[in-house]
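Asker: For reference, this is coords-v3.cif, and it has mmCIF, C-alpha atoms.
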```
data_target
#
loop_
_atom_site.label_atom_id
_atom_site.label_comp_id
_atom_site.auth_asym_id
_atom_site.auth_seq_id
_atom_site.Cartn_x
_atom_site.Cartn_y
_atom_site.Cartn_z
CA MET W 123 -0.41 33.29 -56.96
CA SER W 124 -0.40 33.81 -53.24
CA THR W 125 2.13 32.19 -50.97
CA VAL W 126 1.55 30.34 -47.69
CA HIS W 127 3.71 31.12 -44.67
CA LYS W 128 6.32 28.40 -44.14
CA VAL W 129 5.23 27.77 -40.53
CA ALA W 130 1.63 27.37 -41.70
CA GLN W 131 2.77 24.97 -44.42
CA SER W 132 4.51 22.74 -41.87
CA GLY W 133 2.32 23.32 -38.82
CA PHE W 134 -0.89 22.68 -40.75
CA GLY W 135 0.63 20.10 -43.07
CA THR W 136 -0.40 16.51 -43.63
CA GLY W 137 -0.55 14.57 -40.37
CA THR W 138 -1.39 17.55 -38.12
CA ASN W 139 -4.96 18.17 -39.12
CA ASP W 140 -6.90 15.55 -37.19
CA LEU W 141 -5.58 17.08 -33.96
CA TYR W 142 -6.48 20.54 -35.27
CA ASP W 143 -10.01 19.42 -36.07
CA ARG W 144 -10.45 17.77 -32.68
CA ALA W 145 -8.83 20.50 -30.56
CA ARG W 146 -10.15 23.70 -32.11
CA PRO W 147 -13.50 24.94 -30.79
CA SER W 148 -16.53 25.40 -32.97
CA TYR W 149 -18.36 28.71 -33.33
CA GLN W 150 -20.87 30.10 -30.88
CA ARG W 151 -24.49 30.81 -31.74
CA PHE W 152 -24.05 34.56 -31.18
CA THR W 153 -21.19 34.58 -33.70
CA LEU W 154 -23.23 32.75 -36.32
CA ASP W 155 -26.28 34.94 -35.67
CA PHE W 156 -24.29 38.16 -35.99
CA VAL W 157 -22.76 37.11 -39.31
CA ARG W 158 -26.15 36.01 -40.65
CA GLU W 159 -27.86 39.22 -39.55
CA SER W 160 -25.08 41.28 -41.17
CA VAL W 161 -25.61 39.83 -44.64
CA LYS W 162 -27.66 42.20 -46.80
CA ALA W 163 -28.88 39.58 -49.29
CA SER W 164 -32.08 37.81 -48.34
CA GLY W 165 -31.04 34.34 -49.45
CA PRO W 166 -30.61 31.65 -50.43
CA LEU W 167 -26.94 32.65 -50.40
CA ASN W 168 -23.86 31.95 -52.45
CA ILE W 169 -21.02 31.73 -49.92
CA VAL W 170 -17.26 31.60 -50.40
CA GLU W 171 -15.32 30.37 -47.38
CA ILE W 172 -11.62 31.13 -47.74
CA GLY W 173 -9.18 29.26 -45.51
CA SER W 174 -11.89 26.71 -44.79
CA GLY W 175 -9.42 24.44 -43.01
CA THR W 176 -10.80 21.14 -41.80
CA GLY W 177 -14.39 22.36 -42.07
CA ILE W 178 -15.08 23.45 -38.49
CA PHE W 179 -16.88 26.66 -39.49
CA THR W 180 -18.60 24.97 -42.43
CA ARG W 181 -20.00 22.28 -40.17
CA ALA W 182 -21.17 24.95 -37.72
CA LEU W 183 -23.18 26.57 -40.53
CA LEU W 184 -24.66 23.24 -41.55
CA SER W 185 -25.65 22.36 -37.98
CA ASP W 186 -27.39 25.71 -37.46
CA PRO W 187 -30.97 25.42 -38.81
CA LYS W 188 -31.25 29.08 -39.80
CA TRP W 189 -27.94 28.98 -41.65
CA ASN W 190 -28.55 25.60 -43.24
CA SER W 191 -31.74 26.81 -44.88
CA LEU W 192 -29.97 29.92 -46.24
CA ILE W 193 -27.21 28.13 -48.15
CA ARG W 194 -27.65 27.85 -51.90
CA GLN W 195 -24.02 26.98 -52.59
CA LEU W 196 -20.84 27.20 -50.54
CA LYS W 197 -17.46 27.17 -52.25
CA ALA W 198 -14.75 26.27 -49.75
CA VAL W 199 -11.22 27.38 -50.65
CA GLU W 200 -8.19 26.04 -48.74
CA PRO W 201 -4.46 26.02 -49.60
CA SER W 202 -3.46 23.09 -47.34
CA GLU W 203 -3.80 19.64 -48.85
CA GLY W 204 -3.86 18.06 -45.39
CA MET W 205 -6.70 20.27 -44.26
CA ARG W 206 -8.62 19.64 -47.48
CA GLU W 207 -8.33 15.92 -46.83
CA VAL W 208 -9.98 16.24 -43.41
CA PHE W 209 -12.62 18.63 -44.81
CA SER W 210 -13.50 16.08 -47.48
CA ARG W 211 -14.00 13.40 -44.82
CA THR W 212 -16.02 15.52 -42.40
CA VAL W 213 -18.21 17.76 -44.57
CA LYS W 214 -20.90 15.99 -46.55
CA ASP W 215 -23.38 18.20 -48.38
CA ASP W 216 -24.10 18.39 -52.11
CA ARG W 217 -24.26 22.20 -51.97
CA ILE W 218 -20.62 22.44 -50.88
CA SER W 219 -17.55 22.22 -53.08
CA LEU W 220 -13.88 22.30 -52.07
CA SER W 221 -10.86 23.48 -54.02
CA GLU W 222 -7.31 24.71 -53.57
CA GLY W 223 -7.12 28.48 -53.40
CA TYR W 224 -5.77 31.53 -51.63
CA PHE W 225 -6.89 34.86 -50.20
CA ASP W 226 -5.99 36.66 -53.44
CA ALA W 227 -6.71 33.79 -55.86
CA THR W 228 -9.94 31.99 -55.04
CA GLY W 229 -10.81 30.73 -58.50
CA VAL W 230 -14.39 31.94 -58.00
CA GLU W 231 -16.12 33.74 -60.85
CA ASP W 232 -16.75 37.48 -60.82
CA GLY W 233 -19.75 38.74 -58.84
CA TRP W 234 -20.84 35.30 -57.64
CA ALA W 235 -20.86 35.58 -53.85
CA ASP W 236 -23.29 37.14 -51.41
CA LEU W 237 -20.87 36.43 -48.55
CA VAL W 238 -17.14 35.86 -48.20
CA VAL W 239 -16.33 34.40 -44.80
CA ILE W 240 -12.91 33.68 -43.33
CA ALA W 241 -12.85 31.93 -39.97
CA GLN W 242 -9.65 31.61 -37.92
CA ALA W 243 -7.44 32.30 -40.94
CA PHE W 244 -7.19 35.89 -42.17
CA HIS W 245 -4.24 36.75 -39.93
CA TRP W 246 -2.18 34.53 -42.31
CA CYS W 247 -2.97 36.75 -45.31
CA PRO W 248 0.29 37.87 -46.98
CA ASP W 249 -1.13 40.80 -48.98
CA TYR W 250 -4.16 42.65 -47.62
CA ASP W 251 -4.56 44.89 -50.66
CA LYS W 252 -4.64 41.99 -53.13
CA ALA W 253 -7.01 40.09 -50.87
CA SER W 254 -9.39 43.05 -50.64
CA ALA W 255 -9.39 43.34 -54.44
CA GLU W 256 -10.17 39.63 -54.74
CA PHE W 257 -13.03 39.87 -52.25
CA ALA W 258 -14.49 42.77 -54.21
CA ARG W 259 -14.12 40.89 -57.49
CA ILE W 260 -16.05 37.80 -56.38
CA LEU W 261 -18.73 39.60 -54.35
CA LYS W 262 -22.03 40.83 -55.69
CA PRO W 263 -22.91 44.51 -55.18
CA ASN W 264 -23.63 45.06 -51.46
CA GLY W 265 -21.95 41.74 -50.71
CA THR W 266 -20.48 41.08 -47.28
CA VAL W 267 -17.11 40.00 -45.90
CA ALA W 268 -17.02 38.38 -42.44
CA LEU W 269 -13.75 37.75 -40.61
CA VAL W 270 -14.18 35.49 -37.58
CA TRP W 271 -11.82 34.41 -34.81
CA ASN W 272 -11.95 32.41 -31.57
CA LEU W 273 -9.06 32.95 -29.15
CA GLU W 274 -8.29 31.86 -25.60
CA ASP W 275 -8.93 34.85 -23.34
CA LYS W 276 -5.77 35.57 -21.37
CA ASP W 277 -7.62 38.21 -19.36
CA GLY W 278 -10.36 35.74 -18.44
CA ALA W 279 -8.21 33.63 -16.10
CA LYS W 280 -4.66 33.86 -14.83
CA TRP W 281 -3.83 30.33 -15.94
CA VAL W 282 -4.90 31.11 -19.53
CA GLY W 283 -2.55 34.09 -19.53
CA ARG W 284 0.32 31.95 -18.29
CA VAL W 285 -0.35 29.24 -20.88
CA ARG W 286 -0.47 31.77 -23.68
CA ASP W 287 2.70 33.48 -22.48
CA LEU W 288 4.40 30.08 -22.45
CA ILE W 289 3.42 29.08 -25.96
CA GLU W 290 3.57 32.47 -27.66
CA ILE W 291 7.34 32.77 -27.15
CA ASN W 292 7.53 30.03 -29.80
CA GLU W 293 5.66 31.98 -32.50
CA GLN W 294 8.74 32.35 -34.73
CA GLY W 295 7.55 35.63 -36.17
CA THR W 296 4.29 34.21 -37.47
CA PRO W 297 1.49 36.77 -38.07
CA GLN W 298 -0.84 35.78 -35.26
CA PHE W 299 -4.27 37.37 -34.77
CA ARG W 300 -3.19 39.02 -31.51
CA HIS W 301 -0.59 41.13 -33.31
CA GLY W 302 -3.33 42.93 -35.23
CA TYR W 303 -1.39 43.11 -38.52
CA TRP W 304 -4.63 42.15 -40.28
CA ARG W 305 -6.04 45.57 -39.34
CA GLN W 306 -3.81 47.07 -42.03
CA THR W 307 -6.41 45.75 -44.48
CA PHE W 308 -8.69 48.72 -43.82
CA ASP W 309 -6.04 51.24 -44.89
CA THR W 310 -5.24 49.60 -48.22
CA PRO W 311 -6.23 51.27 -51.50
CA SER W 312 -8.37 48.33 -52.60
CA TYR W 313 -10.29 48.12 -49.34
CA GLN W 314 -11.01 51.83 -49.31
CA LYS W 315 -12.00 51.79 -52.97
CA TYR W 316 -14.39 48.87 -52.76
CA PHE W 317 -15.66 48.61 -49.17
CA GLN W 318 -17.49 50.62 -46.54
CA PRO W 319 -15.94 51.16 -43.08
CA HIS W 320 -15.83 47.92 -41.14
CA GLU W 321 -17.63 46.94 -37.95
CA HIS W 322 -15.88 44.93 -35.20
CA ARG W 323 -17.70 43.05 -32.42
CA ILE W 324 -16.19 41.10 -29.51
CA TRP W 325 -17.83 38.62 -27.13
CA SER W 326 -16.46 36.86 -24.04
CA TYR W 327 -17.63 33.35 -23.21
CA ASN W 328 -16.56 30.11 -21.51
CA LEU W 329 -16.09 26.65 -22.91
CA GLN W 330 -15.77 23.47 -20.92
CA GLY W 331 -12.08 22.66 -20.60
CA THR W 332 -9.95 19.81 -19.33
CA LYS W 333 -6.22 19.62 -18.85
CA GLN W 334 -5.95 17.52 -22.00
CA SER W 335 -8.13 19.82 -24.07
CA VAL W 336 -5.92 22.79 -23.14
CA VAL W 337 -2.80 20.83 -24.08
CA ASP W 338 -4.39 19.77 -27.37
CA ARG W 339 -5.50 23.32 -28.16
CA ALA W 340 -1.99 24.62 -27.65
CA SER W 341 -0.48 21.72 -29.59
CA SER W 342 -2.74 22.46 -32.56
CA LYS W 343 -1.13 25.86 -33.08
CA SER W 344 1.15 25.80 -36.09
CA TYR W 345 4.20 27.08 -34.26
CA ILE W 346 3.86 24.41 -31.53
CA ALA W 347 3.15 21.65 -34.06
CA VAL W 348 6.51 22.29 -35.77
CA LEU W 349 8.59 22.10 -32.58
CA PRO W 350 11.01 19.17 -32.13
CA ALA W 351 9.37 16.35 -30.18
CA ASP W 352 11.37 16.93 -26.99
CA LYS W 353 10.67 20.67 -26.96
CA LYS W 354 6.99 20.08 -27.67
CA ALA W 355 6.78 17.61 -24.77
CA GLU W 356 8.46 20.15 -22.51
CA VAL W 357 5.87 22.79 -23.42
CA GLN W 358 3.01 20.32 -22.94
CA ASN W 359 4.24 19.27 -19.51
CA GLU W 360 4.61 22.90 -18.44
CA ILE W 361 1.00 23.55 -19.52
CA ARG W 362 -0.13 20.68 -17.29
CA ARG W 363 1.89 22.10 -14.40
CA ILE W 364 0.36 25.56 -14.85
CA ILE W 365 -3.16 24.14 -14.76
CA ASP W 366 -2.46 21.84 -11.80
CA GLN W 367 -0.96 24.63 -9.72
CA ASP W 368 -3.56 27.31 -10.43
CA PRO W 369 -5.82 27.69 -7.38
CA ASP W 370 -8.37 29.89 -9.10
CA LYS W 371 -9.75 27.60 -11.80
CA VAL W 372 -13.53 27.77 -11.93
CA TRP W 373 -14.66 24.18 -11.70
CA ILE W 374 -17.65 22.92 -13.63
CA ASP W 375 -17.19 19.31 -12.47
CA GLU W 376 -14.05 18.86 -10.40
CA SER W 377 -14.54 15.10 -10.12
CA LYS W 378 -14.23 14.88 -13.92
CA GLY W 379 -11.53 17.53 -14.20
CA ILE W 380 -13.79 19.94 -16.13
CA PHE W 381 -13.33 23.68 -15.63
CA GLU W 382 -14.23 26.96 -17.33
CA TYR W 383 -12.02 27.75 -20.34
CA PRO W 384 -12.35 31.50 -21.08
CA TYR W 385 -12.50 32.55 -24.73
CA LYS W 386 -13.19 35.60 -26.83
CA ALA W 387 -14.87 35.73 -30.23
CA ASP W 388 -14.06 38.53 -32.67
CA VAL W 389 -16.13 39.21 -35.78
CA VAL W 390 -15.33 41.89 -38.35
CA ILE W 391 -17.96 42.78 -40.96
CA ALA W 392 -17.35 44.77 -44.13
CA HIS W 393 -19.87 45.56 -46.88
CA LYS W 394 -18.97 46.17 -50.50
CA LYS W 395 -19.83 49.64 -51.73
#
```
Hey, can you dump this file as structure tokens for me?

Answerer:
Amino acid sequence: MSTVHKVAQSGFGTGTNDLYDRARPSYQRFTLDFVRESVKASGPLNIVEIGSGTGIFTRALLSDPKWNSLIRQLKAVEPSEGMREVFSRTVKDDRISLSEGYFDATGVEDGWADLVVIAQAFHWCPDYDKASAEFARILKPNGTVALVWNLEDKDGAKWVGRVRDLIEINEQGTPQFRHGYWRQTFDTPSYQKYFQPHEHRIWSYNLQGTKQSVVDRASSKSYIAVLPADKKAEVQNEIRRIIDQDPDKVWIDESKGIFEYPYKADVVIAHKK
């Protein structure tokens, strides 16, 4: 059975997940379109979503008409009880089931899935080889794996870079997406045995941000969520100071405190041999 990183256990534990669900952005249309167009099966699709969290990606699929009509069944797999609780409250569709599971132990039957999708989670995987073998086991021939991430773009605005520099010193050795450890997947024996070479696409875009939404986004990160209350407040106040003092914010509506919040979306696609 797979293990869950101790910071993820605490930082995404019970009591943290409503903030996570509120603060984390949903997924852009170009991301959803690219994943859909990468799937080789014609549909309706059997989908396994691993690390489904509070259901942000699942709800994005359901709210997209093209995706909604393609779903036969979606099996959501999530190790965190707190996240499963929010998922159960926020995702309502008879085609969707939710269970405890892990990257290398999904509980899904052999050869069931047309698509395995992992949104904002695969960087937490503790064993890329075992995970690749599990993906291959549950996928149909020519099935697809999609790895999806949204991340604040530190190159998109100076203030974003300063905020990320501030919070990332608190990472406590956690395997964050930016470190790229997850790329080791493609060199593992199981990946190379079962999958074709991967494809990686990146998009830049802007969300609407406010000072509070930036604070909430930072506070939803596992390694900030686990900080002592006084240290967390110190980080949050410094984020507010960074935003207030930055002269180069691109305002959308200054009277309402709304500005451009630069992001990047990464999608990795792999097809089973």

Asker: Taking into account only C-alpha atoms, which residue in the set W:Asp140, W:Glu274, W:Glu293, W:Glu382 is nearest to Leu349 in chain W?

Answerer: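 Using only C-alpha atoms, Leu349 in chain W sits closest to W:Glu293.
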
Asker: Could you check the closest approach to Phe209 in chain W for each of W:Pro369, W:Gly165, W:Pro263, W:Gly173 and tell me which residue wins, using only C-alpha atoms?

Answerer: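 Of W:Pro369, W:Gly165, W:Pro263, W:Gly173, the one nearest Phe209 in chain W, counting only C-alpha atoms, is W:Gly173.
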
Asker: CA of Ala243 in chain W and CA of Tyr345 in chain W are how many Å apart?

Answerer: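 Between CA of Ala243 in chain W and CA of Tyr345 in chain W the gap works out to 14.4 Å.
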
Asker: Quick one: everything within 12 Å of Glu356 in chain W, counting all atoms listed in the file, minus sequence neighbours fewer than 5 positions away in the same chain. Send it as a count of residues only.

Answerer: 11

Asker: Applying 12 Å and all atoms listed in the file, which residues near Arg217 in chain W remain after dropping the ones on its own chain fewer than 5 positions away? List them as a list in words.

Answerer: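 The residues that qualify are Pro166, Leu167, Asn168, Ile169, Val170, Thr180, Leu184, Asn190, Ser191, Leu192, Ile193, Arg194, Gln195, Leu196, Lys197 and Ala198 of chain W.
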
Asker: Okay, now the selection with C-alpha atoms, as a short mmCIF file (atom, residue, chain, number, x, y, z; two decimals), keeping the file's coordinate frame?

Answerer:
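Generated file (part_8.cif):
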```
data_model
loop_
_atom_site.label_atom_id
_atom_site.label_comp_id
_atom_site.auth_asym_id
_atom_site.auth_seq_id
_atom_site.Cartn_x
_atom_site.Cartn_y
_atom_site.Cartn_z
CA PRO W 166 -30.61 31.65 -50.43
CA LEU W 167 -26.94 32.65 -50.40
CA ASN W 168 -23.86 31.95 -52.45
CA ILE W 169 -21.02 31.73 -49.92
CA VAL W 170 -17.26 31.60 -50.40
CA THR W 180 -18.60 24.97 -42.43
CA LEU W 184 -24.66 23.24 -41.55
CA ASN W 190 -28.55 25.60 -43.24
CA SER W 191 -31.74 26.81 -44.88
CA LEU W 192 -29.97 29.92 -46.24
CA ILE W 193 -27.21 28.13 -48.15
CA ARG W 194 -27.65 27.85 -51.90
CA GLN W 195 -24.02 26.98 -52.59
CA LEU W 196 -20.84 27.20 -50.54
CA LYS W 197 -17.46 27.17 -52.25
CA ALA W 198 -14.75 26.27 -49.75
#
```

Asker: I'd like the contact shell of Leu261 in chain W - 6 Å cut-off, all atoms listed in the file, skipping same-chain residues fewer than 3 positions apart - returned as a list in words.

Answerer: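 Near neighbours after the sequence-gap exclusion: Gly233, Trp234, Ala235, Asp236, Ala258 and Gly265 of chain W.
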
Asker: Counting all atoms listed in the file, which residue out of W:Ala387, W:Ile364, W:Val282, W:Ile178 sits closest to Arg211 in chain W?

Answerer: W:Ile178

Asker: Determine the residue set returned by the PyMOL selection byres ((chain W and resi 391) around 8) for the present structure, and present it as a VMD selection string.

Answerer: chain W and resid 157 160 266 to 269 320 to 322 389 to 390 392 to 393

Asker: Between CA of Pro201 in chain W and CA of Ala163 in chain W, what is the spacing in Å?

Answerer: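 Taking CA of Ala163 in chain W as the start and CA of Pro201 in chain W as the end point, the length is 27.9 Å.
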
Asker: Of the candidates W:Ala255, W:Gln306, W:Gln314, W:Asp232, which shows the shortest atom-to-atom distance to Lys395 in chain W, using all atoms listed in the file?

Answerer: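 Ranking W:Ala255, W:Gln306, W:Gln314, W:Asp232 by distance to Lys395 in chain W, first place goes to W:Gln314.
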
Asker: For this structure, which residues satisfy the selection - the PyMOL selection byres ((chain W and resi 256) around 8) - when it is evaluated on the file as given? I want them as number ranges by chain.

Answerer: W: 225-228, 252-255, 257-260
